[in-house]
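Enquirer: One file: data_35.txt (compact mmCIF, C-alpha atoms (C1' of nucleotides)).
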# COMPACT_ATOMS: atom_id res chain seq x y z
CA MET A 32 0.00 0.00 0.00
CA THR A 33 2.77 2.32 -0.87
CA LYS A 34 1.24 5.69 -1.48
CA ARG A 35 2.93 7.20 -4.49
CA LYS A 36 4.03 10.76 -4.38
CA PHE A 37 4.12 11.46 -8.09
CA LEU A 38 1.96 10.74 -11.07
CA GLY A 39 2.93 7.97 -13.43
CA GLU A 40 4.09 8.90 -16.90
CA PHE A 41 0.83 8.10 -18.63
CA GLU A 42 -1.20 9.49 -15.76
CA GLN A 43 0.38 12.85 -16.38
CA VAL A 44 -0.50 12.71 -20.05
CA VAL A 45 -4.10 11.73 -19.45
CA LEU A 46 -4.55 14.30 -16.73
CA LEU A 47 -3.16 16.99 -18.98
CA ALA A 48 -5.56 15.95 -21.69
CA VAL A 49 -8.40 16.28 -19.21
CA VAL A 50 -7.27 19.81 -18.44
CA ARG A 51 -6.99 20.64 -22.12
CA MET A 52 -10.53 19.53 -22.78
CA ALA A 53 -11.65 21.92 -20.06
CA GLY A 54 -14.33 19.72 -18.56
CA LYS A 55 -15.74 18.61 -21.89
CA GLY A 56 -13.46 15.59 -22.10
CA TYR A 57 -14.68 12.01 -22.21
CA GLY A 58 -12.96 8.74 -23.08
CA LEU A 59 -12.79 8.89 -26.83
CA ALA A 60 -12.20 12.63 -27.02
CA ILE A 61 -9.38 12.41 -24.52
CA ARG A 62 -7.77 9.72 -26.57
CA ARG A 63 -8.05 11.88 -29.67
CA GLU A 64 -6.58 14.85 -27.85
CA ILE A 65 -3.53 12.84 -26.85
CA GLU A 66 -3.05 11.34 -30.27
CA GLU A 67 -3.36 14.65 -32.04
CA ASN A 68 -1.06 16.46 -29.67
CA THR A 69 1.66 13.92 -29.36
CA GLY A 70 1.26 11.44 -32.20
CA ARG A 71 1.23 8.77 -29.58
CA GLY A 72 -1.23 5.97 -30.26
CA VAL A 73 -3.13 4.75 -27.25
CA SER A 74 -5.79 2.12 -26.78
CA ILE A 75 -9.13 3.08 -25.39
CA GLY A 76 -8.68 0.59 -22.59
CA ALA A 77 -5.54 2.36 -21.46
CA ILE A 78 -7.41 5.64 -21.32
CA TYR A 79 -10.23 4.39 -19.17
CA ALA A 80 -8.07 2.36 -16.86
CA THR A 81 -5.99 5.43 -16.16
CA LEU A 82 -8.97 7.70 -15.80
CA GLU A 83 -10.44 5.23 -13.38
CA ARG A 84 -7.30 5.22 -11.28
CA LEU A 85 -7.07 8.96 -11.30
CA GLU A 86 -10.61 9.15 -10.10
CA GLY A 87 -9.86 6.71 -7.33
CA LYS A 88 -7.09 8.98 -6.18
CA GLY A 89 -9.35 11.97 -6.32
CA PHE A 90 -7.48 13.68 -9.12
CA VAL A 91 -10.40 13.79 -11.50
CA VAL A 92 -14.14 13.70 -11.10
CA SER A 93 -16.58 12.31 -13.62
CA ARG A 94 -20.21 12.92 -14.28
CA ALA A 95 -22.59 11.29 -16.70
CA GLY A 96 -23.42 13.38 -19.73
CA LYS A 97 -26.93 13.80 -21.07
CA ALA A 98 -27.92 10.50 -22.57
CA THR A 99 -29.99 11.92 -25.33
CA ALA A 100 -27.69 14.19 -27.21
CA GLN A 101 -28.06 15.03 -30.87
CA ARG A 102 -26.25 11.91 -32.01
CA GLY A 103 -26.35 8.14 -31.83
CA GLY A 104 -24.58 6.15 -29.20
CA ARG A 105 -24.19 5.75 -25.53
CA ALA A 106 -24.07 8.57 -23.00
CA ARG A 107 -20.73 10.20 -22.41
CA ARG A 108 -18.90 10.29 -19.16
CA HIS A 109 -17.25 13.65 -18.70
CA PHE A 110 -14.09 14.15 -16.72
CA SER A 111 -12.61 17.20 -15.10
CA ILE A 112 -9.60 17.77 -12.94
CA SER A 113 -9.83 18.35 -9.19
CA PRO A 114 -7.75 20.74 -7.10
CA ASP A 115 -5.74 17.76 -5.87
CA GLY A 116 -5.22 16.72 -9.45
CA ARG A 117 -3.91 20.15 -10.27
CA ASN A 118 -1.48 19.97 -7.38
CA ALA A 119 -0.29 16.55 -8.42
CA LEU A 120 0.34 17.82 -11.92
CA VAL A 121 2.33 20.79 -10.68
CA ARG A 122 4.31 18.68 -8.28
CA SER A 123 5.25 16.20 -10.97
CA ARG A 124 6.21 18.94 -13.37
CA ASP A 125 8.28 20.81 -10.82
CA MET A 126 10.09 17.66 -9.79
CA LEU A 127 11.04 16.88 -13.35
CA ASP A 128 11.98 20.48 -14.00
CA SER A 129 14.36 20.49 -11.11
CA MET A 130 16.08 17.42 -12.51
CA TRP A 131 16.30 18.99 -15.96
CA ASP A 132 17.63 22.21 -14.58
CA GLY A 133 21.06 22.96 -15.92
CA ILE A 134 21.11 20.06 -18.36
CA ASP A 135 21.73 20.67 -22.02
CA LEU A 136 21.59 17.44 -23.96
CA GLU A 137 22.22 19.00 -27.35
CA SER A 138 25.64 20.34 -26.47
CA ASP A 139 27.89 17.31 -26.59
CA ALA A 140 29.48 18.16 -23.27
CA GLU A 141 29.24 14.80 -21.57
CA ALA A 142 32.16 14.07 -19.33
CA GLU A 143 34.01 10.88 -19.94
CA VAL A 144 35.45 8.99 -17.05
CA ALA A 145 38.37 6.64 -17.33
CA MET B 1426 6.31 -7.83 -25.17
CA THR B 1427 4.81 -4.48 -25.80
CA LYS B 1428 7.67 -2.18 -26.57
CA ARG B 1429 7.14 1.09 -24.77
CA LYS B 1430 7.69 4.30 -26.60
CA PHE B 1431 8.37 6.54 -23.64
CA LEU B 1432 10.31 6.39 -20.44
CA GLY B 1433 8.48 5.68 -17.22
CA GLU B 1434 8.21 8.46 -14.69
CA PHE B 1435 10.98 7.23 -12.44
CA GLU B 1436 13.09 6.13 -15.37
CA GLN B 1437 13.19 9.74 -16.49
CA VAL B 1438 14.31 10.88 -13.08
CA VAL B 1439 17.03 8.29 -12.75
CA LEU B 1440 18.29 8.88 -16.26
CA LEU B 1441 18.46 12.59 -15.61
CA ALA B 1442 20.43 11.95 -12.45
CA VAL B 1443 22.86 9.84 -14.47
CA VAL B 1444 23.34 12.75 -16.85
CA ARG B 1445 23.83 15.16 -13.98
CA MET B 1446 26.56 13.01 -12.49
CA ALA B 1447 28.35 13.18 -15.82
CA GLY B 1448 29.59 9.62 -15.86
CA LYS B 1449 30.66 9.61 -12.24
CA GLY B 1450 27.33 8.35 -10.99
CA TYR B 1451 26.82 5.06 -9.18
CA GLY B 1452 23.95 3.65 -7.15
CA LEU B 1453 24.23 5.53 -3.89
CA ALA B 1454 25.40 8.77 -5.45
CA ILE B 1455 22.54 8.73 -7.91
CA ARG B 1456 20.13 8.28 -5.09
CA ARG B 1457 21.66 11.20 -3.25
CA GLU B 1458 21.49 13.36 -6.36
CA ILE B 1459 17.79 12.69 -6.72
CA GLU B 1460 17.03 13.27 -3.09
CA GLU B 1461 18.97 16.49 -2.92
CA ASN B 1462 17.48 17.87 -6.10
CA THR B 1463 13.89 16.94 -5.56
CA GLY B 1464 13.43 16.10 -1.91
CA ARG B 1465 12.02 12.82 -3.07
CA GLY B 1466 13.02 9.88 -0.93
CA VAL B 1467 13.83 6.74 -2.84
CA SER B 1468 14.96 3.30 -1.79
CA ILE B 1469 18.23 1.98 -3.05
CA GLY B 1470 16.44 -1.02 -4.48
CA ALA B 1471 14.33 1.24 -6.66
CA ILE B 1472 17.43 2.91 -8.01
CA TYR B 1473 19.17 -0.28 -9.03
CA ALA B 1474 16.09 -1.92 -10.46
CA THR B 1475 15.56 1.09 -12.68
CA LEU B 1476 19.20 1.37 -13.66
CA GLU B 1477 19.12 -2.29 -14.57
CA ARG B 1478 16.09 -1.85 -16.73
CA LEU B 1479 17.58 1.20 -18.39
CA GLU B 1480 20.71 -0.75 -19.16
CA GLY B 1481 18.66 -3.58 -20.62
CA LYS B 1482 17.08 -1.10 -22.99
CA GLY B 1483 20.45 0.30 -23.91
CA PHE B 1484 19.82 3.71 -22.39
CA VAL B 1485 22.72 3.58 -19.99
CA VAL B 1486 25.97 1.69 -19.88
CA SER B 1487 27.78 0.64 -16.73
CA ARG B 1488 31.36 -0.20 -15.97
CA ALA B 1489 33.00 -1.44 -12.80
CA GLY B 1490 34.99 1.16 -10.90
CA LYS B 1491 38.42 0.51 -9.51
CA ALA B 1492 37.99 -1.87 -6.59
CA THR B 1493 40.80 -0.49 -4.48
CA ALA B 1494 39.93 3.12 -4.05
CA GLN B 1495 40.99 5.24 -1.10
CA ARG B 1496 38.09 4.13 1.00
CA GLY B 1497 36.51 1.05 2.46
CA GLY B 1498 33.74 -0.83 0.82
CA ARG B 1499 32.83 -2.59 -2.33
CA ALA B 1500 33.72 -1.44 -5.84
CA ARG B 1501 31.44 1.05 -7.47
CA ARG B 1502 29.51 0.50 -10.63
CA HIS B 1503 29.49 3.65 -12.71
CA PHE B 1504 26.71 4.56 -15.08
CA SER B 1505 26.58 6.87 -18.04
CA ILE B 1506 23.92 7.66 -20.58
CA SER B 1507 24.00 6.37 -24.13
CA PRO B 1508 22.97 8.22 -27.30
CA ASP B 1509 19.75 6.21 -27.31
CA GLY B 1510 19.18 7.22 -23.72
CA ARG B 1511 19.60 10.83 -24.66
CA ASN B 1512 17.05 10.46 -27.43
CA ALA B 1513 14.60 8.77 -25.12
CA LEU B 1514 14.93 11.60 -22.65
CA VAL B 1515 14.31 14.22 -25.29
CA ARG B 1516 11.35 12.36 -26.72
CA SER B 1517 9.73 12.03 -23.32
CA ARG B 1518 10.32 15.65 -22.51
CA ASP B 1519 8.98 16.87 -25.83
CA MET B 1520 5.91 14.71 -25.54
CA LEU B 1521 5.09 16.11 -22.12
CA ASP B 1522 5.87 19.63 -23.24
CA SER B 1523 3.42 19.36 -26.07
CA MET B 1524 0.73 18.35 -23.62
CA TRP B 1525 1.60 21.20 -21.28
CA ASP B 1526 1.66 23.69 -24.08
CA GLY B 1527 -0.93 26.40 -23.58
CA ILE B 1528 -1.94 25.22 -20.14
CA ASP B 1529 -1.83 27.57 -17.20
CA LEU B 1530 -2.88 25.87 -14.01
CA GLU B 1531 -2.34 28.87 -11.79
CA SER B 1532 -4.92 31.05 -13.49
CA ASP B 1533 -8.23 29.76 -12.24
CA ALA B 1534 -9.66 29.63 -15.72
CA GLU B 1535 -11.11 26.14 -15.69
CA ALA B 1536 -14.29 25.86 -17.65
CA GLU B 1537 -17.29 24.48 -15.82
CA VAL B 1538 -19.70 22.35 -17.71
CA ALA B 1539 -23.31 21.94 -16.69
C1' DT C 1238 44.50 -12.09 12.18
C1' DC C 1239 39.96 -11.29 12.84
C1' DC C 1240 36.30 -8.42 13.79
C1' DC C 1241 33.92 -4.17 12.96
C1' DG C 1242 32.46 -0.37 10.45
C1' DT C 1243 31.69 1.57 6.05
C1' DA C 1244 30.37 1.66 1.32
C1' DG C 1245 28.13 -0.58 -2.20
C1' DT C 1246 25.40 -3.80 -4.89
C1' DT C 1247 22.06 -7.78 -5.36
C1' DC C 1248 18.14 -10.31 -4.41
C1' DT C 1249 13.35 -11.23 -3.22
C1' DA C 1250 8.68 -9.78 -3.05
C1' DT C 1251 4.87 -7.15 -3.94
C1' DT C 1252 1.98 -3.27 -5.48
C1' DT C 1253 0.92 0.01 -9.09
C1' DT C 1254 0.90 1.41 -13.80
C1' DG C 1255 0.53 0.74 -18.52
C1' DT C 1256 -1.39 -1.68 -22.38
C1' DA C 1257 -4.63 -3.89 -25.69
C1' DG C 1258 -8.75 -5.31 -27.46
C1' DA C 1259 -13.01 -7.78 -27.07
C1' DA C 1260 -17.44 -7.39 -25.10
C1' DC C 1261 -21.16 -4.84 -24.02
C1' DA C 1262 -24.55 -0.72 -23.98
C1' DT C 1263 -27.33 2.82 -26.01
C1' DT C 1264 -29.11 5.63 -29.37
C1' DT C 1265 -30.40 6.94 -34.43
C1' DC C 1266 -31.84 5.99 -38.78
C1' DC C 1267 -33.46 3.03 -42.50
C1' DG D 885 -36.16 -4.65 -36.14
C1' DG D 886 -31.40 -4.44 -37.54
C1' DA D 887 -27.29 -2.04 -38.82
C1' DA D 888 -24.25 1.71 -37.93
C1' DA D 889 -22.34 4.90 -34.84
C1' DT D 890 -20.66 6.25 -30.45
C1' DG D 891 -19.21 5.15 -25.99
C1' DT D 892 -17.91 2.64 -21.85
C1' DT D 893 -16.71 -1.60 -19.26
C1' DC D 894 -14.37 -5.90 -18.62
C1' DT D 895 -10.64 -9.21 -18.78
C1' DA D 896 -5.81 -10.27 -18.96
C1' DC D 897 -1.32 -9.56 -18.70
C1' DA D 898 3.30 -7.13 -19.08
C1' DA D 899 6.17 -3.68 -17.30
C1' DA D 900 7.51 -0.23 -13.92
C1' DA D 901 7.91 1.27 -9.17
C1' DT D 902 9.04 0.41 -4.60
C1' DA D 903 11.10 -1.38 -0.12
C1' DG D 904 14.29 -3.42 2.53
C1' DA D 905 16.93 -7.36 3.83
C1' DA D 906 20.84 -9.92 2.40
C1' DC D 907 25.09 -10.11 0.71
C1' DT D 908 29.91 -8.49 -0.88
C1' DA D 909 34.23 -6.31 -0.23
C1' DC D 910 37.50 -3.33 1.52
C1' DG D 911 40.21 -0.66 5.41
C1' DG D 912 41.57 -0.11 10.00
C1' DG D 913 42.27 -1.05 14.58
C1' DA D 914 42.75 -4.33 18.76
So that I can check it, write out the structure of this file as C-alpha cells.
Expert:
Amino acid sequence: MTKRKFLGEFEQVVLLAVVRMAGKGYGLAIRREIEENTGRGVSIGAIYATLERLEGKGFVVSRAGKATAQRGGRARRHFSISPDGRNALVRSRDMLDSMWDGIDLESDAEAEVA
Amino acid sequence: MTKRKFLGEFEQVVLLAVVRMAGKGYGLAIRREIEENTGRGVSIGAIYATLERLEGKGFVVSRAGKATAQRGGRARRHFSISPDGRNALVRSRDMLDSMWDGIDLESDAEAEVA
DNA sequence: TCCCGTAGTTCTATTTTGTAGAACATTTCC
DNA sequence: GGAAATGTTCTACAAAATAGAACTACGGGA
C-alpha cells in the first residue's frame, strides 16, 4: 500500500488531456486529444483504466453526460480535474523540471570517465 | 512484449540523475542526487532496479569502478547515458511539453460544464 | 588475524501502472 | 427490427515502481 508521491508517466499525459478539454473531455475525445497532440497511439482501454485510477485517487471527477444528445450512441462520461489533481500535476512537473535544470543534452558536453 | 515508446516516470528521473553526475554516478550517489534535487526519498532497491532496466534497454551503460579506491567498501559501478538514452529523454520531454503547451494551471480559468 | 564499520550492490517480493482489445450498452436511422 | 455509430466496461497480462533485507568487499584497529 505504498502511497505514491508522483503521477505515473501516462497518468500525467491523461490528466493533462483532461485539463486541455476543459471539462468537456470524455474517453474517446481524450484519446483523440492525446493522439493529435503527441502522435502517440493509445488504446481506449488504457485511457479508461488510467482515468479510473485517477478518479480513485481523487485527481479527476466524472459525471454522466446527457444520454440523449443530438447523435447516436451511448451517453458520455465527462471528466474534469480536481484541485488535488492540479497539485499533483504541478508537483510532478516541478520535480522533473528540477532534474532537468542545468542540463543541455544537445551540447555534446558529456564528461568521460576513465 | 509491448515495446514502450516513452520512459516511465521514475526512469526519467534516474536517467536525468545519471546525466547530472556526468559519468561519475553510481547507485548511492545517484540516489543522493535525486534526493537532494527533488526532496524525493527513494529506496536503493528502486534505483538499481531502474538502472538495470535502463541498461537492458540500452539507455545507460555501466562499468565497474576501480575496486581499491581510497576508501573502504565494495567497488562502485558507474553509469553513463547512451545516445539512445539521450534520445529517449528528449522524446519524453517533448511529448510532455506538447501536452503542457498552452496550459496555465495557476490562473483559475477552468471551464465548468453543466 | 579477525572483527567491525563503512560503502556498495544484489536479491526477493509485492503493489501500481501501462497496455490492448473484445465485449457490451445505447441511441439513431433506415 | 437491424445495422451503424458512439461510448464505456471488462478481462488479462506485461512492465515499472518500490522497499528493505541480504550479501559483498575493503580498510583499519585491537
Enquirer: Using only C-alpha atoms (C1' of nucleotides), find each residue of chain C with at least one atom at most 7 Å away from an atom of chain B; report its shortest atom-to-atom pair and that distance in Å (one decimal), sort the rows by chain and rising residue number, and return the result as CSV.
Expert:
residue,atom,partner,partner_atom,distance
C:DT1243,C1',B:Gly1497,CA,6.0
C:DA1244,C1',B:Gly1498,CA,4.2
C:DG1245,C1',B:Arg1499,CA,5.1
Enquirer: Identify all chain B residues at most 8 Å from chain A by counting only C-alpha atoms; ligands do not count. Present them as a list of chain:residue names.
Expert: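 Close enough to count are B:Leu1432, B:Gly1433, B:Glu1434, B:Val1438, B:Leu1441, B:Ala1442, B:Val1444, B:Arg1445, B:Ala1447, B:Gly1448, B:Lys1449, B:Ile1459, B:Asn1462, B:Thr1463, B:Arg1511, B:Met1520, B:Leu1521, B:Ser1523, B:Met1524, B:Trp1525, B:Ile1528, B:Leu1530, B:Glu1535, B:Ala1536, B:Glu1537, B:Val1538.
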Enquirer: Suppose you want the space between C1' of DA1257 (chain C) and CA of Gly1483 (chain B); what is it in Å?
Expert: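 Pair C1' of DA1257 (chain C) / CA of Gly1483 (chain B) returns 25.5 Å.
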Enquirer: State, in Å with one decimal place, the distance from C1' of DG885 (chain D) to C1' of DA1262 (chain C).
Expert: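 For C1' of DG885 (chain D) relative to C1' of DA1262 (chain C), the distance reads 17.3 Å.
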Enquirer: If I take CA of Arg84 (chain A) and C1' of DA1259 (chain C), how far is one from the other in Å, to one decimal?
Expert: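 Value for the CA of Arg84 (chain A)-C1' of DA1259 (chain C) distance: 21.2 Å.
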Enquirer: If the cut-off is 12 Å, can you tell me the residues of chain D near chain B, counting only C-alpha atoms (C1' of nucleotides)? I'd like them as JSON, numbers by chain.
Expert: {"D": [897, 898, 899, 900, 901, 902, 903, 904, 905, 907, 908, 909, 910, 911, 912]}
